[in-house]
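To start, the structure under review is shown below, and the notes come after it.
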2 protein chains.
Amino acid sequence: MTTRRITIPKGSTNLTEVAEHAGVSAMTVSRVLNKPGKVAEATRKRVEASISKLGYVPNLAANTLRRRKSGVIVALVPTIDNSIFSDTIQGISDVLERAGYQLLLGCTSYDLDKEEKLTRAQLGRRPDGVILTGTLHTDETRKLLIDAAVPVVEMWDLSDQHIDNGVGFDNFQAGFDIAQYMLSRGPAKIGYVAPTLEHEAHENRAAKRSAGIYAAFEAANQPAPLRQNVPDPMNIEESGVIAADFVASNSELHGIICSSEIVGVGALKELQRRGWKIPEQISVAGIGDANIAQLVHPGLTTIHIPGRKIGERSAEVVLGHLNNSYPTRIQDDIGFQLVVRGSTR
Amino acid sequence: MTTRRITIPKGSTNLTEVAEHAGVSAMTVSRVLNKPGKVAEATRKRVEASISKLGYVPNLAANTLRRRKSGVIVALVPTIDNSIFSDTIQGISDVLERAGYQLLLGCTSYDLDKEEKLTRAQLGRRPDGVILTGTLHTDETRKLLIDAAVPVVEMWDLSDQHIDNGVGFDNFQAGFDIAQYMLSRGPAKIGYVAPTLEHEAHENRAAKRSAGIYAAFEAANQPAPLRQNVPDPMNIEESGVIAADFVASNSELHGIICSSEIVGVGALKELQRRGWKIPEQISVAGIGDANIAQLVHPGLTTIHIPGRKIGERSAEVVLGHLNNSYPTRIQDDIGFQLVVRGSTR
DNA sequence: TTTTGTGATGTTAAGCTTAACATCACGCGA
DNA sequence: TCGCGTGATGTTAAGCTTAACATCACAAAA
């Protein structure tokens, strides 16, 4: 613990040292930082000079301890590296920062036990609010969050049983809309490519989408679509090959719906590689949350989900409760958009 | 501050309450949590039962205050929503979590003053280490970090003047290698598409890449490449159009190098839309940090930068210093790979 | 002149945990 | 039997800040 640094880490400067340097009491320094209006101009200037001179950085641990509020908001997401949630996190981060809050981030890897462990650890920081993903949690996680007595937002999925608030969209409707669109393009045989449901945390979301898709077929008096499973977690290459095989071995198909953008783009790419003309020979659609549909050529027709907006809104809801702006729980359906691009006829 | 919750937020359970419930002193409870081996089996069981019964969650603010270490690592990145850095953050997060550390995240939006403000605020949490992006910072930021006397890692860019440690790759070499590859594919006229240098924080990185590219042309006894500017921050559509116009109006070109993957993919897509055959009529290459090169068809030849690894390594370096595993500053060149795909001849 | 209000600043204690030291009981060797 | 080491547990204070209350000077009102 010693050496390595030139400066000896004898505990950083604190309020008292600043106070001594400025010839005032610690309380006055505290006031300069928190309620500058309550301090006489001259004194304030002097204190500010001392702060700057000594390079004082307030200790927020002590602050949190005394005030019982930390200025920290916790966000738990399954993962951030595949861009599904990175937009959302950016949205959260932007809103929090503007309001002077800090973001404590945790990744659950779609693992409910890990989520519970993380929740417990993060609550130790006494966050002023918690944002988490999905509606599937262990009972203990739920209990921890309720006991913490801070605003909680579950985002992405909506449900009737939110711990506190919900911000998201209707996965059933998303599935329904894309299927309805595909069916509306004239008499056509449509297939459905979706991951097998391994992860519990996926299941909820994906199952709702599937249900929406099947419902649209039923509403159109069509038999249930031919279905092809792809492995989960999804790999773009692998799922592309599987989807392309599926298309090749079912020559009656005019189009496929992929349950995610990843699978959709993978299918598009592999079909093109094999020489299929898209959309002339086969239409491909996705349900999108990765924002990659617009990168490929032709663009992938997809359900666009406003991930960033979900994040922004979630953060706003938390902050709103901290302001007492919201008398009751919020349940906010952000919606989604069907975006038609070149990959469908 | 009242109402809204059924449970009255009378300040959560603390050590003392657990101690009373278990009929021991607060210190014993603390030991159960931190040095379970030092407590008799029976006592430990009893205390653990009380903890669970009362739903006690240790207050890490008090812990931090007393121990002078927080278990928090700060990471500052320019942005996370465009997937350039989301891999990196995931890497950091994974390593930290495995080691029981928490991640406090901040987004600077390529704004050095915002970075300074964020640094000051985050240092108030008394983090055990700081990871930040790039080597361009205000003097005050540098001073704050040095005074904080914790391990600091600057990642992505390497330099001779790191505040403390550096983990990244050589942007000059990346530019050099991709240009050298393009020139090696036979006698060809190659163009260069790069953003105008608005953001200082970009400048450093992009300027080095450009320098590498020009150096490769010089080394091959070629005149400097024709250059086309695209706006910065980069927009995939817009830069694609500009790049395609550039190609169309310079018929002597056999290929283009794009200074980023975003521009490369945009160019690829727009050229395809206009009916160009790739790579038969024109080769396209990028310098990649967005991991989208593999999504498109044909795949984009690019310099792959291991963003996740940069994150993992950065976190490891911080933790290593906290362990005293590293006697001196680390300067780690992670490298990159030239990945040849279908977009170049 | 006395009273009273007001703004500026100071004092005390609490918020929760842990390092450091103190205590205590028990067993074992001399 | 005595002394002492050892393991288990307790006591005290400190870490840094701020809420709540106290004090003080000074000016305006009576």
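Letters A, B, ... mark the chains of the structure tokens in the order given; residue numbers begin at 1 per chain; ligand numbers begin at 1, in order shown.
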
Closest contacts (chain D/chain A, max 12 Å, only C-alpha atoms (C1' of nucleotides)) as a Markdown table:
```
| residue | atom | partner | partner_atom | distance |
| --- | --- | --- | --- | --- |
| D:DG15 | C1' | A:Ala62 | CA | 8.3 |
| D:DC16 | C1' | A:Ala62 | CA | 5.0 |
| D:DT17 | C1' | A:Asn63 | CA | 5.2 |
| D:DT18 | C1' | A:Arg66 | CA | 6.3 |
| D:DA19 | C1' | A:Arg67 | CA | 8.6 |
```

Could you give me, as CSV, every chain C residue with an atom at most 12 Å from chain A, plus its closest atom pair and distance in Å to one decimal, counting only C-alpha atoms (C1' of nucleotides), rows ordered by chain then number?
```
residue,atom,partner,partner_atom,distance
C:DG7,C1',A:Lys38,CA,8.4
C:DA8,C1',A:Val39,CA,6.8
C:DT9,C1',A:Thr28,CA,7.0
C:DG10,C1',A:Ser25,CA,6.7
C:DT11,C1',A:Met27,CA,9.5
C:DT12,C1',A:Met27,CA,11.6
C:DA13,C1',A:Arg66,CA,11.5
C:DA14,C1',A:Arg66,CA,7.8
C:DG15,C1',A:Arg66,CA,4.7
C:DC16,C1',A:Leu65,CA,7.3
C:DT17,C1',A:Leu65,CA,10.4
```

Store the residues picked out above, limited to C-alpha atoms (C1' of nucleotides), as a PDB file, in the first residue's frame.
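Here's the written file selection_6.pdb:
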```
ATOM      1  C1'  DG C   7     -28.394  37.637   8.352  1.00  0.00           C
ATOM      2  C1'  DA C   8     -23.942  35.428   9.167  1.00  0.00           C
ATOM      3  C1'  DT C   9     -21.477  32.134  11.429  1.00  0.00           C
ATOM      4  C1'  DG C  10     -20.341  28.731  14.987  1.00  0.00           C
ATOM      5  C1'  DT C  11     -21.129  24.307  18.015  1.00  0.00           C
ATOM      6  C1'  DT C  12     -22.780  19.745  18.822  1.00  0.00           C
ATOM      7  C1'  DA C  13     -24.059  15.428  17.627  1.00  0.00           C
ATOM      8  C1'  DA C  14     -25.428  11.936  14.540  1.00  0.00           C
ATOM      9  C1'  DG C  15     -25.199   9.037  10.419  1.00  0.00           C
ATOM     10  C1'  DC C  16     -22.930   3.619  10.145  1.00  0.00           C
ATOM     11  C1'  DT C  17     -19.011   1.105  10.030  1.00  0.00           C
TER      12       DT C  17
END
```

When DSSP works through the backbone of this structure, what residues of stretch 1-76 of chain B end up as strand (DSSP E or B), shown as an NGL selection string? :B and (72-76)

Using only C-alpha atoms, which residues of chain B come within 8 Å of chain A, and what is the closest atom pair for each, with the distance in Å to one decimal? Give it as JSON lines, sorted by chain and residue number.
```
{"residue": "B:Met1", "atom": "CA", "partner": "A:Asn324", "partner_atom": "CA", "distance": 7.2}
{"residue": "B:Arg4", "atom": "CA", "partner": "A:Pro327", "partner_atom": "CA", "distance": 7.1}
{"residue": "B:Arg5", "atom": "CA", "partner": "A:Ala149", "partner_atom": "CA", "distance": 6.8}
{"residue": "B:Thr7", "atom": "CA", "partner": "A:Ala149", "partner_atom": "CA", "distance": 7.0}
{"residue": "B:Ile8", "atom": "CA", "partner": "A:Ala149", "partner_atom": "CA", "distance": 8.0}
{"residue": "B:Pro9", "atom": "CA", "partner": "A:Ala149", "partner_atom": "CA", "distance": 6.3}
{"residue": "B:Gly11", "atom": "CA", "partner": "A:Arg68", "partner_atom": "CA", "distance": 7.7}
{"residue": "B:Ser12", "atom": "CA", "partner": "A:Ala148", "partner_atom": "CA", "distance": 7.5}
{"residue": "B:Gly55", "atom": "CA", "partner": "A:Leu144", "partner_atom": "CA", "distance": 7.5}
{"residue": "B:Val57", "atom": "CA", "partner": "A:Gly124", "partner_atom": "CA", "distance": 5.8}
{"residue": "B:Pro58", "atom": "CA", "partner": "A:Gly124", "partner_atom": "CA", "distance": 5.5}
{"residue": "B:Asn59", "atom": "CA", "partner": "A:Gly124", "partner_atom": "CA", "distance": 4.9}
{"residue": "B:Leu60", "atom": "CA", "partner": "A:Gly124", "partner_atom": "CA", "distance": 5.1}
{"residue": "B:Ala61", "atom": "CA", "partner": "A:Ala61", "partner_atom": "CA", "distance": 4.7}
{"residue": "B:Ala62", "atom": "CA", "partner": "A:Leu65", "partner_atom": "CA", "distance": 6.1}
{"residue": "B:Thr64", "atom": "CA", "partner": "A:Ala61", "partner_atom": "CA", "distance": 6.4}
{"residue": "B:Leu65", "atom": "CA", "partner": "A:Ala61", "partner_atom": "CA", "distance": 5.8}
{"residue": "B:Arg68", "atom": "CA", "partner": "A:Gly11", "partner_atom": "CA", "distance": 7.7}
{"residue": "B:Thr79", "atom": "CA", "partner": "A:Gln90", "partner_atom": "CA", "distance": 7.2}
{"residue": "B:Ile80", "atom": "CA", "partner": "A:Ser86", "partner_atom": "CA", "distance": 6.0}
{"residue": "B:Asp81", "atom": "CA", "partner": "A:Asp87", "partner_atom": "CA", "distance": 4.5}
{"residue": "B:Asn82", "atom": "CA", "partner": "A:Ser83", "partner_atom": "CA", "distance": 7.5}
{"residue": "B:Ser83", "atom": "CA", "partner": "A:Ser83", "partner_atom": "CA", "distance": 5.8}
{"residue": "B:Ser86", "atom": "CA", "partner": "A:Asp81", "partner_atom": "CA", "distance": 5.0}
{"residue": "B:Asp87", "atom": "CA", "partner": "A:Asp81", "partner_atom": "CA", "distance": 4.5}
{"residue": "B:Thr88", "atom": "CA", "partner": "A:Asp81", "partner_atom": "CA", "distance": 7.8}
{"residue": "B:Ile89", "atom": "CA", "partner": "A:Asp81", "partner_atom": "CA", "distance": 7.6}
{"residue": "B:Gln90", "atom": "CA", "partner": "A:Asp81", "partner_atom": "CA", "distance": 5.6}
{"residue": "B:Ser93", "atom": "CA", "partner": "A:Cys107", "partner_atom": "CA", "distance": 7.1}
{"residue": "B:Asp94", "atom": "CA", "partner": "A:Cys107", "partner_atom": "CA", "distance": 7.8}
{"residue": "B:Gln102", "atom": "CA", "partner": "A:Leu104", "partner_atom": "CA", "distance": 7.4}
{"residue": "B:Leu103", "atom": "CA", "partner": "A:Leu105", "partner_atom": "CA", "distance": 5.8}
{"residue": "B:Leu104", "atom": "CA", "partner": "A:Leu104", "partner_atom": "CA", "distance": 4.6}
{"residue": "B:Leu105", "atom": "CA", "partner": "A:Leu103", "partner_atom": "CA", "distance": 5.7}
{"residue": "B:Gly106", "atom": "CA", "partner": "A:Leu103", "partner_atom": "CA", "distance": 7.1}
{"residue": "B:Cys107", "atom": "CA", "partner": "A:Ser93", "partner_atom": "CA", "distance": 7.1}
{"residue": "B:Arg120", "atom": "CA", "partner": "A:Val57", "partner_atom": "CA", "distance": 6.9}
{"residue": "B:Gln122", "atom": "CA", "partner": "A:Gln102", "partner_atom": "CA", "distance": 7.8}
{"residue": "B:Leu123", "atom": "CA", "partner": "A:Val57", "partner_atom": "CA", "distance": 7.2}
{"residue": "B:Gly124", "atom": "CA", "partner": "A:Asn59", "partner_atom": "CA", "distance": 4.9}
{"residue": "B:Arg125", "atom": "CA", "partner": "A:Leu60", "partner_atom": "CA", "distance": 5.2}
{"residue": "B:Arg126", "atom": "CA", "partner": "A:Asn59", "partner_atom": "CA", "distance": 7.0}
{"residue": "B:Leu144", "atom": "CA", "partner": "A:Gly55", "partner_atom": "CA", "distance": 7.5}
{"residue": "B:Asp147", "atom": "CA", "partner": "A:Thr7", "partner_atom": "CA", "distance": 7.5}
{"residue": "B:Ala148", "atom": "CA", "partner": "A:Ser12", "partner_atom": "CA", "distance": 7.5}
{"residue": "B:Ala149", "atom": "CA", "partner": "A:Pro9", "partner_atom": "CA", "distance": 6.3}
{"residue": "B:Ile236", "atom": "CA", "partner": "A:Leu295", "partner_atom": "CA", "distance": 7.9}
{"residue": "B:Val265", "atom": "CA", "partner": "A:Leu295", "partner_atom": "CA", "distance": 6.9}
{"residue": "B:Gly266", "atom": "CA", "partner": "A:Leu295", "partner_atom": "CA", "distance": 7.1}
{"residue": "B:Lys269", "atom": "CA", "partner": "A:His297", "partner_atom": "CA", "distance": 5.6}
{"residue": "B:Gln272", "atom": "CA", "partner": "A:His297", "partner_atom": "CA", "distance": 7.2}
{"residue": "B:Arg273", "atom": "CA", "partner": "A:His297", "partner_atom": "CA", "distance": 7.3}
{"residue": "B:Leu295", "atom": "CA", "partner": "A:Val265", "partner_atom": "CA", "distance": 6.9}
{"residue": "B:Val296", "atom": "CA", "partner": "A:Val296", "partner_atom": "CA", "distance": 5.3}
{"residue": "B:His297", "atom": "CA", "partner": "A:Lys269", "partner_atom": "CA", "distance": 5.7}
{"residue": "B:Pro298", "atom": "CA", "partner": "A:Arg273", "partner_atom": "CA", "distance": 7.9}
{"residue": "B:Asn324", "atom": "CA", "partner": "A:Met1", "partner_atom": "CA", "distance": 7.1}
{"residue": "B:Pro327", "atom": "CA", "partner": "A:Arg4", "partner_atom": "CA", "distance": 7.1}
{"residue": "B:Thr328", "atom": "CA", "partner": "A:Arg4", "partner_atom": "CA", "distance": 7.1}
```

Looking only at helix (DSSP H, G or I) from DSSP on the backbone, list the matching residues of stretch 76-258 of chain B as a VMD selection string. chain B and resid 86 to 98 112 to 123 139 to 148 171 to 184 200 to 219 236 to 248

Can you tell me, as a PyMOL selection string, what residues are no more than 7 Å from B:Val18 when counting only C-alpha atoms (C1' of nucleotides), ignoring any on the same chain fewer than 4 positions away? chain B and resi 14+22+50-51

Minimum-distance residue to D:DA13, chosen among C:DG29, C:DT3, C:DT23, C:DT18 (using only C-alpha atoms (C1' of nucleotides)): C:DT18

Computed interatomic separation between atom CA of B:Lys277 and atom CA of B:Tyr192 (Å): 19.2 Å

Distance atom CA of A:Leu226-atom CA of A:Ser251, one decimal place?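 Separation of atom CA of A:Leu226 and atom CA of A:Ser251: 11.9 Å.
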
Residues near A:Glu252, cut-off 8 Å, only C-alpha atoms (C1' of nucleotides), skip fewer than 2 positions along chain, as a ChimeraX atom specification: /A:189,250,254

Residue selection dump (N, CA and C atoms) as a compact mmCIF listing (two decimals), in the first residue's frame:
```txt
# COMPACT_ATOMS: atom_id res chain seq x y z
N LYS A 189 -46.73 -17.27 -48.24
CA LYS A 189 -46.41 -18.24 -47.20
C LYS A 189 -45.25 -17.67 -46.39
N ASN A 250 -37.54 -25.15 -47.76
CA ASN A 250 -39.00 -24.98 -47.78
C ASN A 250 -39.35 -24.04 -48.92
N HIS A 254 -42.41 -17.53 -49.06
CA HIS A 254 -42.20 -16.25 -49.73
C HIS A 254 -41.47 -15.25 -48.84
```

Measure the distance from atom CA of B:Pro187 to atom CA of B:Gly255 in Å and round it to one decimal.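 Spanning atom CA of B:Pro187 to atom CA of B:Gly255 is a straight-line distance of 11.0 Å.
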